[in-house]
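Visitor: Just so it is clear, I am handing over data01.cif, which has mmCIF, C-alpha atoms.
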```
data_model
loop_
_atom_site.label_atom_id
_atom_site.label_comp_id
_atom_site.auth_asym_id
_atom_site.auth_seq_id
_atom_site.Cartn_x
_atom_site.Cartn_y
_atom_site.Cartn_z
CA MET Y 19 -12.50 29.14 -23.85
CA SER Y 20 -15.16 26.45 -24.14
CA ALA Y 21 -16.01 24.19 -21.23
CA GLU Y 22 -14.86 21.18 -23.24
CA ILE Y 23 -11.38 22.57 -23.72
CA SER Y 24 -10.98 23.62 -20.09
CA GLN Y 25 -11.98 20.13 -18.97
CA ARG Y 26 -9.39 18.53 -21.20
CA SER Y 27 -6.59 20.87 -20.23
CA THR Y 28 -4.09 19.74 -17.61
CA TYR Y 29 -3.29 23.38 -16.87
CA THR Y 30 -3.44 24.29 -13.20
CA PRO Y 31 -3.03 27.99 -12.38
CA ALA Y 32 -0.04 29.13 -10.40
CA PRO Y 33 -1.27 32.18 -8.45
CA VAL Y 34 1.86 32.15 -6.28
CA HIS Y 35 4.99 32.34 -8.39
CA ARG Y 36 8.47 33.68 -7.74
CA PHE Y 37 9.22 34.87 -11.28
CA LYS Y 38 7.25 36.78 -13.89
CA VAL Y 39 7.46 36.82 -17.68
CA GLY Y 40 10.61 38.67 -18.80
CA ASP Y 41 12.57 38.01 -15.59
CA LYS Y 42 16.21 37.06 -16.09
CA ILE Y 43 17.11 33.83 -14.32
CA VAL Y 44 19.98 31.42 -13.98
CA VAL Y 45 19.51 27.66 -13.72
CA LYS Y 46 21.03 26.17 -10.59
CA ARG Y 47 24.41 24.62 -11.20
CA ALA Y 48 23.93 21.50 -9.13
CA ASN Y 49 24.14 17.77 -9.65
CA PRO Y 50 21.98 16.18 -6.95
CA PRO Y 51 21.42 12.42 -7.16
CA GLY Y 52 17.98 11.12 -8.00
CA HIS Y 53 15.39 11.73 -10.69
CA ARG Y 54 15.92 15.26 -12.03
CA ARG Y 55 14.01 16.80 -14.93
CA THR Y 56 16.48 19.63 -15.63
CA PRO Y 57 18.88 18.59 -18.41
CA PHE Y 58 22.56 18.62 -17.54
CA TYR Y 59 23.50 20.96 -20.40
CA ILE Y 60 21.27 23.79 -19.20
CA ARG Y 61 22.47 23.87 -15.59
CA GLY Y 62 24.34 27.07 -14.82
CA LYS Y 63 22.96 28.84 -17.93
CA GLN Y 64 21.16 32.21 -17.97
CA GLY Y 65 17.76 32.67 -19.59
CA VAL Y 66 14.54 34.68 -19.57
CA ILE Y 67 11.10 33.57 -18.36
CA GLU Y 68 8.96 33.15 -21.49
CA ARG Y 69 5.74 32.03 -19.75
CA ILE Y 70 4.35 30.54 -16.58
CA CYS Y 71 3.09 27.09 -17.57
CA GLY Y 72 1.22 26.35 -14.34
CA ALA Y 73 1.73 24.44 -11.11
CA TYR Y 74 2.13 20.67 -11.14
CA PRO Y 75 2.94 17.82 -8.76
CA ASN Y 76 6.72 17.68 -8.37
CA PRO Y 77 8.02 14.90 -10.67
CA GLU Y 78 11.16 14.60 -8.55
CA GLU Y 79 8.91 13.32 -5.73
CA LEU Y 80 6.41 11.42 -7.89
CA ALA Y 81 9.39 9.42 -9.15
CA TYR Y 82 9.70 7.78 -5.73
CA GLY Y 83 6.04 7.06 -5.11
CA PHE Y 84 5.16 10.24 -3.18
CA ASP Y 85 2.26 12.54 -4.08
CA GLY Y 86 4.37 15.42 -5.42
CA LYS Y 87 2.77 17.98 -3.07
CA PRO Y 88 3.20 20.86 -2.72
CA GLU Y 89 2.93 21.47 -6.44
CA LYS Y 90 5.83 23.26 -8.10
CA VAL Y 91 5.51 26.12 -10.56
CA LEU Y 92 6.72 25.24 -14.05
CA TYR Y 93 8.12 27.92 -16.36
CA ARG Y 94 9.07 27.97 -20.00
CA VAL Y 95 12.50 29.56 -20.15
CA ARG Y 96 14.20 30.98 -23.23
CA PHE Y 97 17.96 30.71 -23.72
CA LYS Y 98 20.23 31.96 -26.49
CA GLN Y 99 21.73 29.02 -28.38
CA THR Y 100 25.08 30.79 -28.62
CA HIS Y 101 25.09 30.97 -24.81
CA VAL Y 102 24.07 27.35 -24.25
CA TRP Y 103 26.43 25.79 -26.81
CA PRO Y 104 29.93 27.22 -27.06
CA GLY Y 105 30.85 27.30 -30.76
CA TYR Y 106 27.20 27.27 -31.89
CA ALA Y 107 27.29 27.63 -35.68
CA GLY Y 108 23.69 28.72 -36.33
CA PRO Y 109 22.24 32.24 -36.47
CA ALA Y 110 23.16 34.40 -33.47
CA ASN Y 111 19.49 35.07 -32.64
CA ASP Y 112 18.53 31.35 -32.37
CA VAL Y 113 16.97 30.38 -29.06
CA ILE Y 114 16.12 27.18 -27.23
CA GLU Y 115 13.20 26.95 -24.81
CA LEU Y 116 12.94 24.48 -21.95
CA GLU Y 117 10.31 23.91 -19.30
CA ILE Y 118 11.94 24.08 -15.89
CA TYR Y 119 10.54 23.95 -12.35
CA GLU Y 120 10.85 26.94 -10.04
CA HIS Y 121 13.15 25.27 -7.52
CA TRP Y 122 15.80 24.94 -10.24
CA LEU Y 123 15.81 28.69 -10.97
CA GLU Y 124 17.46 31.68 -9.28
CA PRO Y 125 17.31 35.39 -10.20
CA ALA Y 126 20.20 36.19 -12.58
CA GLY Y 127 23.12 37.94 -10.95
CA THR Y 128 22.52 36.55 -7.45
CA GLN Y 129 24.27 33.19 -7.84
CA SER Y 130 27.56 32.70 -6.05
CA MET H 7 31.74 22.43 -19.83
CA SER H 8 29.08 24.11 -17.73
CA ASN H 9 29.33 21.56 -14.94
CA MET H 10 32.14 20.11 -12.86
CA HIS H 11 30.32 16.89 -12.04
CA PRO H 12 29.80 13.86 -14.22
CA LYS H 13 26.33 13.14 -15.56
CA THR H 14 24.43 10.65 -13.47
CA ILE H 15 21.34 10.12 -15.64
CA PRO H 16 21.98 7.85 -18.66
CA SER H 17 19.07 9.29 -20.68
CA ASP H 18 20.35 12.87 -20.27
CA ILE H 19 22.30 12.96 -23.54
CA GLY H 20 21.74 16.53 -24.75
CA GLY H 21 24.91 17.79 -26.42
CA GLU H 22 26.56 14.39 -26.89
CA GLN H 23 27.64 13.21 -30.32
CA ALA H 24 24.60 11.40 -31.74
CA GLY H 25 26.35 9.20 -34.29
CA PRO H 26 24.37 7.59 -37.11
CA ILE H 27 20.60 7.42 -36.60
CA ASP H 28 18.74 4.26 -37.56
CA THR H 29 15.55 5.51 -39.23
CA HIS H 30 14.29 2.05 -40.27
CA ASP H 31 10.89 1.14 -38.82
CA HIS H 32 11.50 -2.08 -36.91
CA GLY H 33 7.85 -2.50 -35.95
CA MET H 34 6.93 -4.07 -32.62
CA LYS H 35 7.55 -7.65 -31.56
CA HIS H 36 4.66 -9.56 -29.97
CA TRP H 37 6.11 -9.30 -26.45
CA GLU H 38 6.74 -5.58 -26.97
CA ARG H 39 3.06 -4.99 -27.78
CA GLN H 40 1.98 -6.97 -24.74
CA ALA H 41 4.45 -5.29 -22.40
CA ASN H 42 3.51 -1.86 -23.73
CA ALA H 43 -0.19 -2.57 -23.24
CA LEU H 44 0.45 -3.72 -19.67
CA ARG H 45 2.48 -0.59 -18.97
CA SER H 46 -0.39 1.58 -20.24
CA VAL H 47 -2.85 -0.27 -18.01
CA VAL H 48 -0.78 -0.02 -14.80
CA ASN H 49 -0.25 3.70 -15.45
CA MET H 50 -3.94 4.34 -16.23
CA LYS H 51 -4.98 2.45 -13.08
CA LYS H 52 -2.49 4.64 -11.16
CA ILE H 53 -0.59 1.58 -9.98
CA THR H 54 2.55 3.23 -11.36
CA CYS H 55 3.23 6.71 -12.77
CA THR H 56 5.42 7.89 -15.64
CA ASP H 57 7.91 9.60 -13.31
CA GLU H 58 8.45 6.38 -11.34
CA LEU H 59 9.05 4.43 -14.54
CA ARG H 60 11.48 7.07 -15.84
CA ARG H 61 13.37 6.99 -12.54
CA ALA H 62 13.57 3.20 -12.56
CA ALA H 63 14.83 3.34 -16.17
CA GLU H 64 17.53 5.85 -15.22
CA GLU H 65 18.64 3.59 -12.39
CA LEU H 66 19.68 1.00 -14.99
CA GLY H 67 22.84 3.13 -15.18
CA ASP H 68 25.48 1.66 -17.48
CA LYS H 69 23.09 -1.09 -18.63
CA TYR H 70 20.77 1.57 -20.12
CA LYS H 71 22.78 2.18 -23.30
CA GLY H 72 22.95 -1.53 -24.18
CA MET H 73 19.20 -2.02 -23.99
CA GLN H 74 16.42 -1.33 -26.48
CA TYR H 75 13.45 0.92 -25.77
CA PHE H 76 10.91 -1.73 -24.77
CA GLU H 77 13.50 -3.62 -22.76
CA ILE H 78 14.15 -0.44 -20.76
CA THR H 79 10.49 0.42 -20.21
CA THR H 80 9.54 -3.15 -19.31
CA SER H 81 12.47 -3.50 -16.94
CA ALA H 82 11.41 -0.23 -15.26
CA MET H 83 7.84 -1.49 -14.86
CA ARG H 84 9.12 -4.71 -13.30
CA THR H 85 11.30 -2.73 -10.86
CA VAL H 86 8.49 -0.43 -9.71
CA LEU H 87 5.91 -3.22 -9.34
CA LEU H 88 8.40 -5.18 -7.21
CA GLU H 89 9.19 -2.07 -5.13
CA LYS H 90 5.51 -1.51 -4.45
CA GLY H 91 5.01 -5.10 -3.42
CA HIS H 92 2.49 -6.10 -6.10
CA PHE H 93 4.43 -9.37 -6.32
CA THR H 94 7.71 -10.67 -5.03
CA GLU H 95 10.81 -11.66 -6.95
CA GLN H 96 10.07 -15.30 -6.01
CA GLU H 97 6.48 -15.09 -7.28
CA LEU H 98 7.63 -13.52 -10.54
CA THR H 99 10.34 -16.15 -11.07
CA ALA H 100 7.87 -18.95 -10.31
CA LYS H 101 5.25 -17.49 -12.68
CA MET H 102 7.78 -17.10 -15.47
CA ALA H 103 8.89 -20.71 -15.03
CA GLU H 104 5.28 -21.86 -15.07
CA ILE H 105 4.48 -19.97 -18.28
CA ARG H 106 7.72 -21.02 -19.91
CA ALA H 107 6.90 -24.67 -19.18
CA ARG H 108 3.32 -24.26 -20.43
CA PHE H 109 4.45 -22.96 -23.79
CA ASN H 110 7.63 -24.99 -23.99
CA VAL H 111 9.59 -21.84 -24.87
CA PRO H 112 12.93 -22.73 -26.47
CA ASP H 113 16.06 -21.27 -24.90
CA GLU H 114 16.81 -19.17 -27.98
CA MET H 115 13.59 -17.23 -27.34
CA GLU H 116 14.65 -16.27 -23.84
CA SER H 117 13.59 -12.77 -22.86
CA PRO H 118 15.98 -10.03 -24.00
CA ILE H 119 15.70 -8.40 -20.58
CA LYS H 120 17.09 -11.52 -18.95
CA LYS H 121 19.91 -11.56 -21.49
CA ALA H 122 20.73 -7.91 -20.80
CA VAL H 123 20.96 -8.55 -17.07
CA LYS H 124 23.36 -11.46 -17.65
CA LYS H 125 25.82 -9.28 -19.64
#
```
As structure tokens, please, write out the structure in this file.
Guide:
Amino acid sequence: MSAEISQRSTYTPAPVHRFKVGDKIVVKRANPPGHRRTPFYIRGKQGVIERICGAYPNPEELAYGFDGKPEKVLYRVRFKQTHVWPGYAGPANDVIELEIYEHWLEPAGTQS
Amino acid sequence: MSNMHPKTIPSDIGGEQAGPIDTHDHGMKHWERQANALRSVVNMKKITCTDELRRAAEELGDKYKGMQYFEITTSAMRTVLLEKGHFTEQELTAKMAEIRARFNVPDEMESPIKKAVKK
């Protein structure tokens, strides 16, 4: 990677992360008030970690004028469309990928 | 439904019926260009940040759906700048009256944001 590209990138490494690529997760089924970056339709759904995007200031804190520290790990998570949308009419192997922060994710199978 | 609770964020519309989509390019009105430029400047100068503006937009609640894009973003900028004390409501009102008088703005050109608030 050239120096120019690394300077432009907003990527910040996430050496400490709870999940690894391939882990099965479930998105928290919660509806807290405030600025939340996890879409309503994906809450409670099961997916697989596709990549670790990096660690970033928490937008749920930045939204209220705070500094967003500590940074939160952001993942790209892959979901099956047929799982996300009941009655999905497209091909059965279609997926949708969303970028979701770590504090919205739990290991699959552990949720109450 | 995957959730028991009602949605609380008006921009979170994934999965809702979209209805017809207006694909006509409406261009930008003069005030929209100016407001957009100002929003870029206050973000670049780190006076506001995108997450704050998004949050302030969401807090429009039921008014959100009746407003156009630049009305929403400009209203959000106004909210956050007031919150952070860059000017007061009184100072803003006085400045708007001063400018309005200077340019002799007719009533029919009243700001769409003001109209939306009146609804």
Visitor: Near chain Y, meaning an atom within 12 Å, which residues of chain H appear when counting only C-alpha atoms? Write them as number ranges by chain.
Guide: H: 7-22, 52-65, 67, 82, 85-87, 89-90
Visitor: Expressed in Å to a single decimal, how great is the separation between CA of Gly65 in chain Y and CA of Pro125 in chain Y?
Guide: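 Atom-to-atom, CA of Gly65 in chain Y to CA of Pro125 in chain Y, that is 9.8 Å.
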Visitor: Report as a VMD selection string the full result of the PyMOL selection byres ((chain H and resi 41) around 12) when it is applied to this structure.
Guide: chain H and resid 34 to 40 42 to 48 75 to 84 117 119
Visitor: Select, from Y:Ala126, Y:Val39, Y:Val45, Y:Ala32, the residue with the minimum atom-to-atom distance to Val91 in chain Y, counting only C-alpha atoms.
Guide: Y:Ala32
Visitor: Please, what distance in Å, to one decimal, runs between CA of Pro75 in chain Y and CA of Val113 in chain Y?
Guide: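 Rounded to one decimal, the two atoms are 27.7 Å apart.
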Visitor: Go ahead and compute the interatomic distance for CA of Gln96 in chain H and CA of Asp68 in chain H, in Å to one decimal.
Guide: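 Interatomic distance, CA of Gln96 in chain H to CA of Asp68 in chain H: 25.6 Å.
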Visitor: Run through the PyMOL selection byres ((chain Y and resi 90) around 8) on the given coordinates and return the selected residues as a PyMOL selection string.
Guide: chain Y and resi 73-76+87-89+91-92+119-121
Visitor: As a check of understanding, name the residues that the PyMOL selection byres ((chain Y and resi 37) around 10) selects in the supplied structure, as a count of residues only.
Guide: 19
Visitor: For the structure just given, write the atoms of range 65-93 of chain Y, namely N, CA and C atoms, as a compact mmCIF listing (two decimals), in the first residue's frame.
Guide:
```txt
# COMPACT_ATOMS: atom_id res chain seq x y z
N GLY Y 65 -26.77 -13.17 11.49
CA GLY Y 65 -25.89 -13.01 10.34
C GLY Y 65 -24.50 -13.55 10.64
N VAL Y 66 -23.59 -13.31 9.69
CA VAL Y 66 -22.21 -13.80 9.81
C VAL Y 66 -21.27 -12.62 9.59
N ILE Y 67 -20.22 -12.54 10.42
CA ILE Y 67 -19.23 -11.47 10.26
C ILE Y 67 -18.51 -11.66 8.92
N GLU Y 68 -18.58 -10.64 8.07
CA GLU Y 68 -17.94 -10.70 6.75
C GLU Y 68 -16.55 -10.08 6.79
N ARG Y 69 -16.39 -8.99 7.57
CA ARG Y 69 -15.07 -8.38 7.77
C ARG Y 69 -15.10 -7.46 8.98
N ILE Y 70 -13.91 -7.18 9.47
CA ILE Y 70 -13.77 -6.18 10.52
C ILE Y 70 -13.37 -4.88 9.83
N CYS Y 71 -14.23 -3.87 9.90
CA CYS Y 71 -13.99 -2.63 9.16
C CYS Y 71 -12.96 -1.73 9.84
N GLY Y 72 -12.87 -1.83 11.18
CA GLY Y 72 -11.98 -0.95 11.91
C GLY Y 72 -12.66 -0.47 13.17
N ALA Y 73 -11.97 0.44 13.88
CA ALA Y 73 -12.56 1.01 15.10
C ALA Y 73 -12.75 2.50 14.88
N TYR Y 74 -13.90 3.00 15.26
CA TYR Y 74 -14.26 4.40 14.98
C TYR Y 74 -14.94 5.03 16.19
N PRO Y 75 -14.85 6.37 16.30
CA PRO Y 75 -15.60 7.05 17.35
C PRO Y 75 -17.09 6.67 17.26
N ASN Y 76 -17.68 6.45 18.41
CA ASN Y 76 -19.06 5.96 18.47
C ASN Y 76 -20.05 7.05 18.02
N PRO Y 77 -20.73 6.83 16.88
CA PRO Y 77 -21.64 7.87 16.36
C PRO Y 77 -22.81 8.13 17.29
N GLU Y 78 -23.14 7.16 18.13
CA GLU Y 78 -24.27 7.33 19.05
C GLU Y 78 -23.93 8.33 20.16
N GLU Y 79 -22.62 8.56 20.36
CA GLU Y 79 -22.16 9.59 21.30
C GLU Y 79 -21.84 10.89 20.58
N LEU Y 80 -21.20 10.77 19.41
CA LEU Y 80 -20.89 11.96 18.61
C LEU Y 80 -22.16 12.77 18.35
N ALA Y 81 -23.28 12.06 18.23
CA ALA Y 81 -24.56 12.69 17.88
C ALA Y 81 -25.00 13.71 18.93
N TYR Y 82 -24.43 13.59 20.14
CA TYR Y 82 -24.83 14.51 21.22
C TYR Y 82 -23.68 15.42 21.66
N GLY Y 83 -22.68 15.53 20.80
CA GLY Y 83 -21.61 16.48 21.07
C GLY Y 83 -20.45 15.93 21.89
N PHE Y 84 -20.47 14.61 22.20
CA PHE Y 84 -19.35 14.01 22.93
C PHE Y 84 -18.31 13.50 21.93
N ASP Y 85 -17.15 13.04 22.47
CA ASP Y 85 -16.03 12.74 21.56
C ASP Y 85 -16.08 11.33 20.96
N GLY Y 86 -17.04 10.51 21.40
CA GLY Y 86 -17.19 9.19 20.79
C GLY Y 86 -16.16 8.18 21.29
N LYS Y 87 -15.40 8.52 22.34
CA LYS Y 87 -14.41 7.59 22.89
C LYS Y 87 -15.03 6.80 24.06
N PRO Y 88 -14.68 5.55 24.27
CA PRO Y 88 -13.74 4.79 23.45
C PRO Y 88 -14.35 4.44 22.08
N GLU Y 89 -13.45 4.25 21.12
CA GLU Y 89 -13.91 3.90 19.78
C GLU Y 89 -14.57 2.53 19.80
N LYS Y 90 -15.52 2.35 18.91
CA LYS Y 90 -16.23 1.06 18.81
C LYS Y 90 -15.80 0.34 17.54
N VAL Y 91 -15.73 -0.98 17.63
CA VAL Y 91 -15.36 -1.77 16.45
C VAL Y 91 -16.57 -1.91 15.54
N LEU Y 92 -16.31 -1.64 14.25
CA LEU Y 92 -17.38 -1.74 13.24
C LEU Y 92 -17.15 -3.00 12.39
N TYR Y 93 -18.20 -3.75 12.19
CA TYR Y 93 -18.12 -4.97 11.38
C TYR Y 93 -19.03 -4.84 10.17
```
